[in-house]
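Shown next: structure01.csv, given as CSV, C-alpha atoms and all ligand atoms.
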chain,number,residue,atom,x,y,z
A,19,MET,CA,103.0,110.8,52.3
A,20,LYS,CA,105.0,107.8,53.3
A,21,GLN,CA,103.1,104.6,53.0
A,22,HIS,CA,101.9,103.8,56.5
A,23,PHE,CA,100.1,100.5,56.0
A,24,THR,CA,101.1,97.3,54.2
A,25,VAL,CA,99.1,94.1,53.8
A,26,ILE,CA,101.7,91.3,54.0
A,27,HIS,CA,99.5,88.3,53.6
A,28,THR,CA,95.9,87.3,53.3
A,29,ASP,CA,94.0,84.1,54.3
A,30,GLY,CA,90.5,84.4,53.0
A,31,GLN,CA,89.5,88.0,54.0
A,32,ALA,CA,91.7,87.8,57.1
A,33,ARG,CA,94.9,89.8,56.7
A,34,LEU,CA,98.3,90.2,58.2
A,35,GLY,CA,99.8,93.7,58.0
A,36,THR,CA,102.2,96.3,59.3
A,37,LEU,CA,101.1,99.7,60.5
A,38,SER,CA,104.0,102.1,60.4
A,39,LEU,CA,103.6,104.7,63.1
A,40,PRO,CA,106.0,107.5,64.3
A,41,GLN,CA,106.8,105.6,67.5
A,42,GLY,CA,107.3,102.1,65.9
A,43,ASP,CA,105.7,99.6,63.7
A,44,VAL,CA,102.6,97.7,64.8
A,45,ALA,CA,101.8,94.1,63.5
A,46,THR,CA,98.2,93.7,62.6
A,47,PRO,CA,95.6,92.4,63.4
A,48,VAL,CA,96.2,94.3,66.6
A,49,PHE,CA,94.3,94.6,69.9
A,50,MET,CA,94.7,98.0,71.5
A,51,PRO,CA,94.3,98.2,75.3
A,52,VAL,CA,92.5,101.3,76.6
A,53,GLY,CA,94.3,103.7,78.9
A,54,THR,CA,91.4,106.1,79.3
A,55,VAL,CA,93.1,109.0,81.0
A,56,GLY,CA,96.7,108.2,79.9
A,57,THR,CA,97.4,105.1,82.0
A,58,MET,CA,96.4,101.5,81.9
A,59,LYS,CA,94.3,101.1,85.0
A,60,ALA,CA,96.2,99.1,87.7
A,61,LEU,CA,99.2,98.4,85.4
A,62,HIS,CA,102.7,100.0,85.1
A,63,HIS,CA,103.8,101.2,81.6
A,64,ARG,CA,106.8,99.0,82.0
A,65,ARG,CA,104.7,95.8,81.9
A,66,LEU,CA,103.0,97.0,78.7
A,67,GLU,CA,106.4,97.5,77.2
A,68,GLU,CA,107.5,94.1,78.3
A,69,LEU,CA,104.4,92.6,76.6
A,70,ASP,CA,105.4,94.6,73.5
A,71,TYR,CA,102.2,96.6,73.3
A,72,ARG,CA,103.1,99.4,70.8
A,73,LEU,CA,99.7,101.1,70.4
A,74,ILE,CA,97.3,102.0,73.2
A,75,LEU,CA,94.2,104.2,73.4
A,76,ALA,CA,93.5,107.3,75.3
A,77,ASN,CA,90.2,109.1,75.4
A,78,THR,CA,90.0,112.7,74.2
A,79,TYR,CA,86.8,113.4,76.1
A,80,HIS,CA,88.3,112.3,79.5
A,81,LEU,CA,91.6,114.1,78.9
A,82,TYR,CA,89.9,117.2,77.8
A,83,LEU,CA,87.9,117.4,81.0
A,84,ARG,CA,90.8,116.2,83.2
A,85,PRO,CA,93.6,117.2,83.4
A,86,GLY,CA,92.5,119.6,80.6
A,87,LEU,CA,94.2,120.7,77.4
A,88,GLU,CA,95.9,123.7,78.9
A,89,LEU,CA,97.8,121.6,81.4
A,90,LEU,CA,98.6,118.9,78.8
A,91,GLU,CA,100.0,121.6,76.4
A,92,LYS,CA,102.2,123.0,79.2
A,93,MET,CA,103.4,119.5,80.0
A,94,GLY,CA,104.4,118.9,76.3
A,95,GLY,CA,101.5,116.6,75.4
A,96,LEU,CA,100.4,113.2,76.6
A,97,PRO,CA,103.3,111.1,75.4
A,98,GLN,CA,105.8,113.3,77.3
A,99,PHE,CA,103.5,113.8,80.3
A,100,SER,CA,102.8,110.1,80.7
A,101,THR,CA,106.3,109.0,79.5
A,102,TRP,CA,104.6,106.4,77.1
A,103,ASP,CA,107.1,106.7,74.2
A,104,ARG,CA,105.3,104.3,71.9
A,105,ASN,CA,102.1,105.1,70.0
A,106,PHE,CA,98.8,106.5,71.2
A,107,LEU,CA,95.5,106.4,69.4
A,108,THR,CA,92.9,108.9,70.6
A,109,ASP,CA,89.2,108.7,69.9
A,110,SER,CA,87.4,112.0,69.2
A,111,GLY,CA,84.9,112.0,72.0
A,112,GLY,CA,82.0,111.0,69.7
A,113,PHE,CA,81.4,107.7,71.5
A,114,GLN,CA,81.5,109.3,74.9
A,115,PHE,CA,78.9,111.8,73.8
A,116,PHE,CA,76.8,108.9,72.6
A,117,SER,CA,77.2,106.7,75.7
A,118,LEU,CA,76.9,109.7,78.1
A,119,SER,CA,74.1,111.1,76.0
A,120,LYS,CA,72.1,112.4,78.9
A,121,PHE,CA,74.8,115.0,79.2
A,122,ALA,CA,75.0,115.8,75.5
A,123,LYS,CA,73.0,117.6,72.8
A,124,PHE,CA,74.0,117.3,69.1
A,125,THR,CA,73.5,120.2,66.6
A,126,GLU,CA,74.8,120.5,63.1
A,127,GLU,CA,77.6,122.8,64.4
A,128,GLY,CA,78.8,120.4,67.2
A,129,VAL,CA,77.9,118.9,70.6
A,130,LYS,CA,76.9,120.8,73.7
A,131,PHE,CA,77.6,118.8,76.8
A,132,SER,CA,78.0,119.0,80.5
A,133,SER,CA,80.9,117.4,82.3
A,134,HIS,CA,80.1,114.2,84.0
A,135,ILE,CA,82.7,115.2,86.7
A,136,ASP,CA,81.5,118.7,87.7
A,137,GLY,CA,78.5,119.6,85.5
A,138,SER,CA,80.4,122.4,83.7
A,139,LYS,CA,79.1,123.3,80.2
A,140,HIS,CA,81.2,122.7,77.1
A,141,PHE,CA,80.8,122.9,73.3
A,142,PHE,CA,82.8,120.5,71.1
A,143,THR,CA,83.1,120.9,67.4
A,144,PRO,CA,84.9,118.8,64.7
A,145,GLU,CA,87.6,121.4,64.6
A,146,LYS,CA,88.0,121.3,68.4
A,147,ALA,CA,88.2,117.5,68.3
A,148,ILE,CA,91.2,117.8,66.1
A,149,GLN,CA,92.8,120.6,68.0
A,150,ALA,CA,92.4,118.7,71.2
A,151,GLN,CA,94.0,115.6,69.7
A,152,ASN,CA,96.8,117.7,68.4
A,153,ILE,CA,97.5,119.0,71.9
A,154,ILE,CA,97.3,115.5,73.3
A,155,GLY,CA,99.8,114.5,70.7
A,156,SER,CA,98.3,111.2,69.6
A,157,HIS,CA,99.7,109.3,66.6
A,158,ILE,CA,96.3,108.2,65.3
A,159,LYS,CA,93.5,110.7,65.6
A,160,MET,CA,89.8,110.0,65.0
A,161,VAL,CA,87.2,112.3,63.4
A,162,LEU,CA,84.2,113.4,65.4
A,163,ASP,CA,81.2,111.4,64.5
A,164,VAL,CA,77.6,110.8,65.4
A,165,CYS,CA,77.1,107.3,66.8
A,166,THR,CA,73.6,106.0,67.0
A,167,PRO,CA,71.9,103.2,69.0
A,168,PRO,CA,70.1,100.2,67.3
A,169,ASN,CA,66.4,100.5,66.6
A,170,ILE,CA,66.3,104.1,65.3
A,171,THR,CA,64.4,105.0,62.1
A,172,GLU,CA,66.2,105.1,58.8
A,173,LYS,CA,65.4,108.8,58.6
A,174,LYS,CA,67.2,109.5,61.9
A,175,ALA,CA,70.1,107.2,60.9
A,176,TYR,CA,70.4,109.1,57.6
A,177,GLN,CA,70.5,112.5,59.4
A,178,ALA,CA,73.3,111.1,61.7
A,179,HIS,CA,75.1,109.9,58.6
A,180,ARG,CA,74.9,113.3,56.9
A,181,THR,CA,76.3,115.1,60.0
A,182,THR,CA,79.0,112.4,60.3
A,183,VAL,CA,80.2,113.0,56.7
A,184,ASP,CA,80.0,116.8,57.1
A,185,TRP,CA,82.0,116.6,60.4
A,186,ALA,CA,84.6,114.2,58.8
A,187,LYS,CA,85.2,116.9,56.1
A,188,ARG,CA,85.6,119.6,58.7
A,189,CYS,CA,88.0,117.4,60.7
A,190,GLN,CA,90.1,116.7,57.6
A,191,LYS,CA,90.3,120.4,56.8
A,192,GLU,CA,91.4,121.2,60.3
A,193,TRP,CA,93.9,118.3,60.3
A,194,GLN,CA,95.4,119.6,57.0
A,195,ALA,CA,95.5,123.2,58.2
A,196,SER,CA,97.4,122.1,61.3
A,197,GLY,CA,100.1,120.3,59.3
A,198,GLU,CA,98.7,116.7,59.3
A,199,GLN,CA,100.1,115.7,62.7
A,200,GLY,CA,99.7,111.9,63.0
A,201,LEU,CA,97.3,109.9,60.9
A,202,LEU,CA,93.6,110.9,60.8
A,203,PHE,CA,91.1,108.0,60.6
A,204,GLY,CA,87.5,108.4,59.3
A,205,ILE,CA,84.6,106.7,61.1
A,206,THR,CA,81.9,105.2,59.0
A,207,GLN,CA,78.4,105.0,60.4
A,208,GLY,CA,75.0,104.1,58.9
A,209,ASN,CA,73.4,102.4,61.9
A,210,PHE,CA,71.9,99.0,61.0
A,211,TYR,CA,70.8,99.9,57.5
A,212,LYS,CA,73.0,98.3,54.8
A,213,ASP,CA,72.3,101.0,52.1
A,214,LEU,CA,73.3,103.6,54.6
A,215,ARG,CA,76.4,101.7,55.7
A,216,LYS,CA,77.5,101.5,52.1
A,217,LEU,CA,76.8,105.1,51.4
A,218,SER,CA,78.7,106.2,54.5
A,219,ILE,CA,81.7,104.1,53.5
A,220,GLU,CA,81.6,105.5,49.9
A,221,GLU,CA,81.4,109.1,51.0
A,222,LEU,CA,84.1,108.8,53.6
A,223,ALA,CA,86.4,106.7,51.4
A,224,ALA,CA,86.2,109.6,48.8
A,225,LEU,CA,88.0,111.8,51.4
A,226,ASP,CA,91.0,109.4,51.1
A,227,LEU,CA,91.9,109.5,54.8
A,228,PRO,CA,94.8,107.4,56.1
A,229,GLY,CA,92.5,104.8,57.7
A,230,TYR,CA,88.9,103.9,58.4
A,231,ALA,CA,86.9,102.7,61.4
A,232,ILE,CA,83.5,101.0,61.4
A,233,GLY,CA,81.7,102.9,64.1
A,234,GLY,CA,78.4,102.2,65.7
A,235,LEU,CA,78.9,98.5,66.1
A,236,SER,CA,78.8,96.7,69.4
A,237,VAL,CA,76.4,99.3,70.7
A,238,GLY,CA,73.8,96.9,72.1
A,239,GLU,CA,72.7,95.1,69.0
A,240,GLU,CA,72.3,91.3,68.9
A,241,LYS,CA,75.5,89.4,68.3
A,242,GLN,CA,74.4,88.0,64.9
A,243,VAL,CA,73.5,91.5,63.8
A,244,PHE,CA,77.1,92.6,64.7
A,245,GLU,CA,78.4,89.6,62.7
A,246,GLU,CA,76.2,90.4,59.7
A,247,PHE,CA,77.2,94.0,59.6
A,248,VAL,CA,80.9,93.5,60.2
A,249,HIS,CA,81.0,91.0,57.4
A,250,TYR,CA,78.9,93.3,55.2
A,251,SER,CA,80.9,96.5,55.8
A,252,THR,CA,84.5,95.5,56.1
A,253,PRO,CA,85.0,94.4,52.4
A,254,LEU,CA,83.5,97.7,51.3
A,255,LEU,CA,86.3,99.7,53.0
A,256,PRO,CA,89.5,100.6,51.0
A,257,ALA,CA,91.7,97.5,50.9
A,258,ASN,CA,94.9,99.4,51.1
A,259,LYS,CA,94.0,101.3,54.3
A,260,PRO,CA,93.9,100.0,57.9
A,261,ARG,CA,90.4,99.0,59.1
A,262,TYR,CA,89.4,99.4,62.6
A,263,VAL,CA,86.3,98.3,64.6
A,264,MET,CA,85.9,100.4,67.7
A,265,GLY,CA,84.9,98.9,71.0
A,266,ILE,CA,85.3,95.2,70.6
A,267,GLY,CA,87.5,93.1,72.9
A,268,THR,CA,86.0,89.6,73.5
A,269,PRO,CA,87.6,86.8,71.6
A,270,ASP,CA,84.4,85.9,69.6
A,271,TYR,CA,83.9,89.4,68.3
A,272,ILE,CA,87.6,89.8,67.5
A,273,LEU,CA,87.7,86.5,65.6
A,274,GLN,CA,84.6,87.6,63.6
A,275,ALA,CA,86.2,91.0,62.8
A,276,VAL,CA,89.5,89.4,61.8
A,277,GLU,CA,87.7,86.9,59.6
A,278,ALA,CA,85.9,89.9,57.9
A,279,GLY,CA,89.3,91.6,57.2
A,280,VAL,CA,89.5,94.0,60.2
A,281,ASP,CA,93.0,95.0,61.3
A,282,MET,CA,92.5,96.9,64.6
A,283,PHE,CA,90.2,96.8,67.6
A,284,ASP,CA,90.1,98.2,71.1
A,285,CYS,CA,88.1,97.6,74.2
A,286,VAL,CA,88.1,98.1,78.0
A,287,TYR,CA,86.8,94.5,78.3
A,288,PRO,CA,90.1,92.6,79.2
A,289,THR,CA,91.1,95.2,81.8
A,290,ARG,CA,87.6,95.9,83.1
A,291,VAL,CA,86.8,92.2,83.8
A,292,ALA,CA,90.2,91.8,85.4
A,293,ARG,CA,89.2,94.4,88.0
A,294,ASN,CA,86.0,92.4,88.5
A,295,GLY,CA,88.0,89.3,89.4
A,296,ALA,CA,87.7,87.5,86.0
A,297,ALA,CA,90.7,85.9,84.2
A,298,MET,CA,90.7,85.2,80.5
A,299,SER,CA,92.1,81.9,79.5
A,300,PHE,CA,92.1,79.5,76.5
A,301,ASP,CA,89.5,77.5,78.5
A,302,GLY,CA,87.2,80.5,78.8
A,303,LEU,CA,86.6,83.3,81.3
A,304,LEU,CA,87.3,82.2,84.8
A,305,SER,CA,85.4,84.0,87.6
A,306,LEU,CA,88.0,83.6,90.3
A,307,LYS,CA,85.5,84.7,93.0
A,308,ASN,CA,83.9,81.3,92.4
A,309,GLU,CA,83.9,78.9,95.4
A,310,ARG,CA,85.3,76.2,93.1
A,311,TYR,CA,88.7,77.9,93.2
A,312,ALA,CA,88.9,78.2,97.0
A,313,LEU,CA,91.4,75.3,97.3
A,314,ASP,CA,92.7,75.3,93.7
A,315,ASN,CA,96.5,75.3,94.1
A,316,ASN,CA,97.2,75.7,90.3
A,317,PRO,CA,98.0,78.9,88.5
A,318,ILE,CA,95.3,80.3,86.1
A,319,ASP,CA,97.5,79.0,83.2
A,320,PRO,CA,100.8,77.3,83.8
A,321,ASP,CA,102.0,78.4,80.3
A,322,CYS,CA,101.3,82.1,81.0
A,323,THR,CA,104.2,84.4,81.7
A,324,CYS,CA,102.3,87.0,83.7
A,325,SER,CA,103.1,88.0,87.2
A,326,ALA,CA,100.0,86.2,88.6
A,327,CYS,CA,100.6,82.9,86.8
A,328,GLN,CA,104.4,82.8,87.4
A,329,ARG,CA,103.9,82.9,91.2
A,330,TYR,CA,100.4,82.5,92.5
A,331,SER,CA,97.7,79.9,92.7
A,332,LYS,CA,94.0,80.5,91.8
A,333,SER,CA,93.2,80.0,95.5
A,334,TYR,CA,95.5,82.8,96.6
A,335,LEU,CA,94.3,85.1,93.8
A,336,ARG,CA,90.8,84.4,94.8
A,337,HIS,CA,91.7,85.3,98.4
A,338,LEU,CA,93.1,88.7,97.3
A,339,ILE,CA,90.0,89.4,95.2
A,340,LYS,CA,87.7,88.6,98.0
A,341,ALA,CA,89.8,90.7,100.4
A,342,LYS,CA,89.6,93.6,97.9
A,343,GLU,CA,93.4,93.8,97.9
A,344,ILE,CA,94.7,96.4,95.3
A,345,ASN,CA,97.3,93.8,94.1
A,346,ALA,CA,94.6,91.6,92.8
A,347,LEU,CA,93.7,94.3,90.2
A,348,THR,CA,97.3,94.6,89.0
A,349,LEU,CA,97.8,90.8,88.9
A,350,LEU,CA,94.6,90.1,86.9
A,351,THR,CA,95.1,93.1,84.6
A,352,ASP,CA,98.6,91.8,83.8
A,353,HIS,CA,97.2,88.3,83.2
A,354,ASN,CA,94.4,89.4,80.9
A,355,LEU,CA,96.6,91.7,78.8
A,356,THR,CA,99.2,88.9,78.6
A,357,PHE,CA,96.4,86.6,77.5
A,358,MET,CA,95.3,89.1,74.8
A,359,LYS,CA,98.8,89.4,73.5
A,360,ARG,CA,99.2,85.6,73.3
A,361,PHE,CA,95.8,85.3,71.6
A,362,MET,CA,96.6,87.9,69.0
A,363,ASN,CA,100.0,86.3,68.4
A,364,GLU,CA,98.2,83.0,67.7
A,365,VAL,CA,95.7,84.8,65.4
A,366,ARG,CA,98.5,86.3,63.3
A,367,ALA,CA,100.4,83.1,63.1
A,368,SER,CA,97.3,81.2,61.9
A,369,ILE,CA,96.7,83.8,59.1
A,370,LYS,CA,100.4,83.6,58.1
A,371,GLU,CA,100.1,79.8,57.8
A,372,ASN,CA,96.7,79.9,56.0
A,373,ARG,CA,94.8,78.2,58.8
A,374,PHE,CA,92.8,81.0,60.3
A,375,ALA,CA,89.4,79.3,59.8
A,376,LEU,CA,90.6,76.2,61.6
A,377,TYR,CA,92.2,78.2,64.4
A,378,LYS,CA,89.0,80.2,64.9
A,379,GLN,CA,86.9,77.1,65.1
A,380,ALA,CA,89.3,75.4,67.5
A,381,PHE,CA,89.6,78.5,69.7
A,382,MET,CA,85.9,79.0,69.9
A,383,ASP,CA,85.1,75.4,70.7
A,384,ARG,CA,87.6,75.4,73.6
A,385,TYR,CA,86.9,78.9,74.9
A,386,TYR,CA,83.2,79.0,74.8
A,387,GLN,CA,82.5,75.3,75.7
A,388,SER,CA,84.6,75.8,78.8
A,389,SER,CA,83.0,79.1,79.6
A,390,HIS,CA,79.6,77.4,79.4
A,391,LYS,CA,80.7,74.9,81.9
A,392,GLU,CA,81.8,77.7,84.2
A,393,SER,CA,78.4,79.2,84.5
B,1,ZN,ZN,98.7,84.7,83.6
Please express the file's structure as C-alpha cells.
Ligand SMILES: [Zn+2]
Amino acid sequence: MKQHFTVIHTDGQARLGTLSLPQGDVATPVFMPVGTVGTMKALHHRRLEELDYRLILANTYHLYLRPGLELLEKMGGLPQFSTWDRNFLTDSGGFQFFSLSKFAKFTEEGVKFSSHIDGSKHFFTPEKAIQAQNIIGSHIKMVLDVCTPPNITEKKAYQAHRTTVDWAKRCQKEWQASGEQGLLFGITQGNFYKDLRKLSIEELAALDLPGYAIGGLSVGEEKQVFEEFVHYSTPLLPANKPRYVMGIGTPDYILQAVEAGVDMFDCVYPTRVARNGAAMSFDGLLSLKNERYALDNNPIDPDCTCSACQRYSKSYLRHLIKAKEINALTLLTDHNLTFMKRFMNEVRASIKENRFALYKQAFMDRYYQSSHKES
C-alpha cells in the first residue's frame, strides 16, 4: 500500500504531517468540520473550498437513516451526490449509538436500535458499518466500536474493550474482503482505566490498520481527566500512523491534543455555537446576543476574511441574530470556520518553527482571559 501519512517535523510531541488521501493531501494537525448529513449546516460547499478545507466529516448513522443507503447507492455515493469532490471521513455510528443510547441495545453480534426519526427498528453489525461506509464512499472509514461513559466499573469497561477489539477485527475482515476502499481507522477505547487504554491500543495496533483514533474521550469527563488521558494514550499509538481524537473542537482541547501528538480532530462545536450566535475569536468566544454589542460598529475581527467580518459590524450581526434571520447562521458559521482555519494554520506554523509551547501559552492566555471577561 502507498504510504498515506508522513511526519514532516516534530516539536516536542507535537507533529506536523501530511495525510495523503485520494482527493488531495491534507496538512496535519487538521481540524475537520462536521457535515452530519453531507452538508455543512448553513454553509455552501464553495466557501469550504475557498477556505481550503480538504477533509470533512459525515455521519454514517444519520445517512443510513436518511436518505438511506439504497438512495445513496443509486446516486453514486455521497461524494457524487453532494458534489463534494474533496475528502470525506465517516464515523461508524458507534458514537451515535452511545449518545442516543436510549434507542440502542448492544450485543456481541451488533447493535439493535430504533431510529430517532421514525422509531423504525434496525440492526447494525461491524460488517454492516463497513458496507454502509463503502456505499457512502468515504475516504476514511471508522470501525464500529463500543463507546462508554465515565464512571463505569472496570469490569464493564473491560467487556466494552473486548467487544471493540472483536468488532475491529470483523470490520478489518470486511474492509479487506471488499477491496480495501479508502483507509480504515481503528478506534481505541478503555474508558478511564490506564491499563485498559494501554491494552486496547496494543491489541488494535497489532491489526496494523492505516490509522488510529482515541475514542471515548470528551464524553463528559472532567477537563483534567481528558488532558491526563490524551497525554497518556497518544504516545502509545503507532508513531508512523495518523492519530485522531474524536469529538473535540474547542481551542483548549485541540491544543492539549496537539501537544500530546494528535494529528486529527473533529467537532460540531464551531458550527453549532455559530448557530447559537457565538463568534470564536483570538480574544475568546463572543456571545453576540450580548447587550454590550448593541452599538458596536466594529467587525468581530478586522483581520478576518470571512463574509461577516469583511462587511458587517457586531451591532448588525447582533440584530440579525436577535431577529432570527437565516443569514446570521451562514455569516457566523463562515466566521467560525474561517477562525478555525486561521487557528490551525497558526498551530502548524508554530510547530514548524519549534515554538508550539510558547504559542499554546500565548493563545490560551489571550483566548481564555478574554472569555472570562465576557462572562
Ligand atoms: Zn470573520
Would you give me, as a tab-separated table, each residue of chain A having an atom within 6 Å of an atom of ligand ZN 1 (chain B), along with its shortest atom pair and that distance in Å to one decimal, using all atoms listed in the file and sorting by chain and residue number?
residue	atom	partner	partner_atom	distance
A:Asp319	CA	B:ZN1	ZN	5.8
A:Cys322	CA	B:ZN1	ZN	4.5
A:Thr323	CA	B:ZN1	ZN	5.8
A:Cys324	CA	B:ZN1	ZN	4.3
A:Ala326	CA	B:ZN1	ZN	5.4
A:Cys327	CA	B:ZN1	ZN	4.1
A:His353	CA	B:ZN1	ZN	3.9
- request: Around the point (96.4, 92.5, 54.5) in the file's coordinates, collect all residues with an atom within 10 Å, using all atoms listed in the file, and return them as a list in words.
  value: Phe23, Thr24, Val25, Ile26, His27, Thr28, Asp29, Gln31, Ala32, Arg33, Leu34, Gly35, Thr36, Thr46, Pro47, Ala257, Asn258, Lys259, Pro260, Arg261, Gly279, Val280, Asp281 and Ile369 of chain A
query: If you count all atoms listed in the file, which residues fall within 12 Å of Met362 (chain A), apart from same-chain ones fewer than 5 positions away, as a PyMOL selection string?
result: chain A and resi 34+45-50+69-71+267-269+272-273+276+281-283+355-357+367-369+374+377-378+381
query: Quick one: residues within 8 Å of Ile232 (chain A), only C-alpha atoms counted, chain neighbours fewer than 5 positions away excluded, as a PyMOL selection string?
result: chain A and resi 205-207+251-252+261-264
Store the residues of this selection in a file with C-alpha atoms, as a compact mmCIF listing (two decimals), in the coordinates of the input.
# COMPACT_ATOMS: atom_id res chain seq x y z
CA ILE A 205 84.60 106.70 61.10
CA THR A 206 81.90 105.20 59.00
CA GLN A 207 78.40 105.00 60.40
CA SER A 251 80.90 96.50 55.80
CA THR A 252 84.50 95.50 56.10
CA ARG A 261 90.40 99.00 59.10
CA TYR A 262 89.40 99.40 62.60
CA VAL A 263 86.30 98.30 64.60
CA MET A 264 85.90 100.40 67.70
field: Residue nearest Leu96 (chain A) among A:Leu39, A:Ile344, A:Ile154, A:Val52 (counting only C-alpha atoms)
entry: A:Ile154
Atomic separation - CA of His140 (chain A) relative to CA of Gly234 (chain A), Å: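 Between these atoms lies a distance of 23.6 Å.
Straight-line separation from CA of Arg373 (chain A) to CA of Leu73 (chain A): 26.1 Å.
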query: Closest to Glu246 (chain A) among A:Thr181, A:Asn294, A:Gln114, A:Gln274, using only C-alpha atoms?
result: A:Gln274
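Taking CA of Gly95 (chain A) and CA of Ser38 (chain A) as the two end points, the separation is 21.0 Å.
Among the candidates A:Lys212, A:Arg64, A:Lys359, A:Arg293, the residue lying nearest to Ala346 (chain A) is A:Arg293 (atoms considered: all atoms listed in the file).
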- prompt: From the list A:Leu254, A:Phe142, A:Gly53, A:Leu162, which residue is nearest Leu66 (chain A) when using only C-alpha atoms?
  reply: A:Gly53
query: Smallest atom-to-atom distance to Thr101 (chain A): which of A:Lys130, A:Lys174, A:Lys123, A:His63, using all atoms listed in the file?
result: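 Among A:Lys130, A:Lys174, A:Lys123, A:His63, it is A:His63 that comes nearest to Thr101 (chain A).
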- request: Place a sphere of radius 12 Å on (107.8, 108.7, 73.7) in the file coordinates and name every protein, DNA or RNA residue with an atom inside or on its surface, counting all atoms listed in the file; give the answer as a ChimeraX atom specification.
  value: /A:40-42,63,67,72-73,94-106,155-157
field: Distance criterion (only C-alpha atoms): nearest to Val291 (chain A) out of A:Lys159, A:His80, A:Lys307, A:His337
entry: A:Lys307
message: So that I can check the surroundings of Tyr176 (chain A), please list as a list in words every protein, DNA and RNA residue that reaches within 10 Å of it, counting only C-alpha atoms and ignoring chain neighbours fewer than 2 positions away.
response: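 After dropping sequence-adjacent residues, the list is Thr171, Glu172, Lys173, Lys174, Ala178, His179, Arg180, Thr181, Thr182, Gln207, Gly208, Asn209, Tyr211, Asp213, Leu214, Arg215, Leu217 and Ser218 of chain A.
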From the coordinates I just gave you, please extract region 199-211 of chain A so that only N, CA and C atoms remain, then output it as a compact mmCIF listing (two decimals), in the first residue's frame.
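out_3.txt was written with the following content:
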# COMPACT_ATOMS: atom_id res chain seq x y z
N GLN A 199 -11.43 -0.31 0.21
CA GLN A 199 -11.78 1.01 -0.32
C GLN A 199 -11.53 2.07 0.76
N GLY A 200 -10.73 3.07 0.44
CA GLY A 200 -10.40 4.11 1.43
C GLY A 200 -9.52 3.55 2.53
N LEU A 201 -9.24 4.39 3.52
CA LEU A 201 -8.42 3.96 4.66
C LEU A 201 -9.35 3.57 5.81
N LEU A 202 -9.01 2.51 6.51
CA LEU A 202 -9.81 2.11 7.68
C LEU A 202 -9.02 2.43 8.95
N PHE A 203 -9.66 3.22 9.83
CA PHE A 203 -9.03 3.58 11.10
C PHE A 203 -9.64 2.75 12.23
N GLY A 204 -8.79 2.33 13.15
CA GLY A 204 -9.26 1.67 14.36
C GLY A 204 -9.63 2.71 15.41
N ILE A 205 -10.44 2.31 16.37
CA ILE A 205 -10.78 3.22 17.48
C ILE A 205 -10.41 2.53 18.79
N THR A 206 -9.48 3.12 19.50
CA THR A 206 -9.07 2.55 20.79
C THR A 206 -10.03 3.04 21.86
N GLN A 207 -10.31 2.17 22.82
CA GLN A 207 -11.20 2.55 23.92
C GLN A 207 -10.47 2.26 25.25
N GLY A 208 -11.18 1.79 26.25
CA GLY A 208 -10.53 1.50 27.54
C GLY A 208 -11.03 2.37 28.66
N ASN A 209 -12.04 3.23 28.33
CA ASN A 209 -12.65 4.07 29.34
C ASN A 209 -11.56 4.87 30.08
N PHE A 210 -11.72 5.10 31.38
CA PHE A 210 -10.73 5.91 32.10
C PHE A 210 -9.89 5.04 33.03
N TYR A 211 -9.48 3.89 32.49
CA TYR A 211 -8.57 2.96 33.17
C TYR A 211 -7.32 2.85 32.31
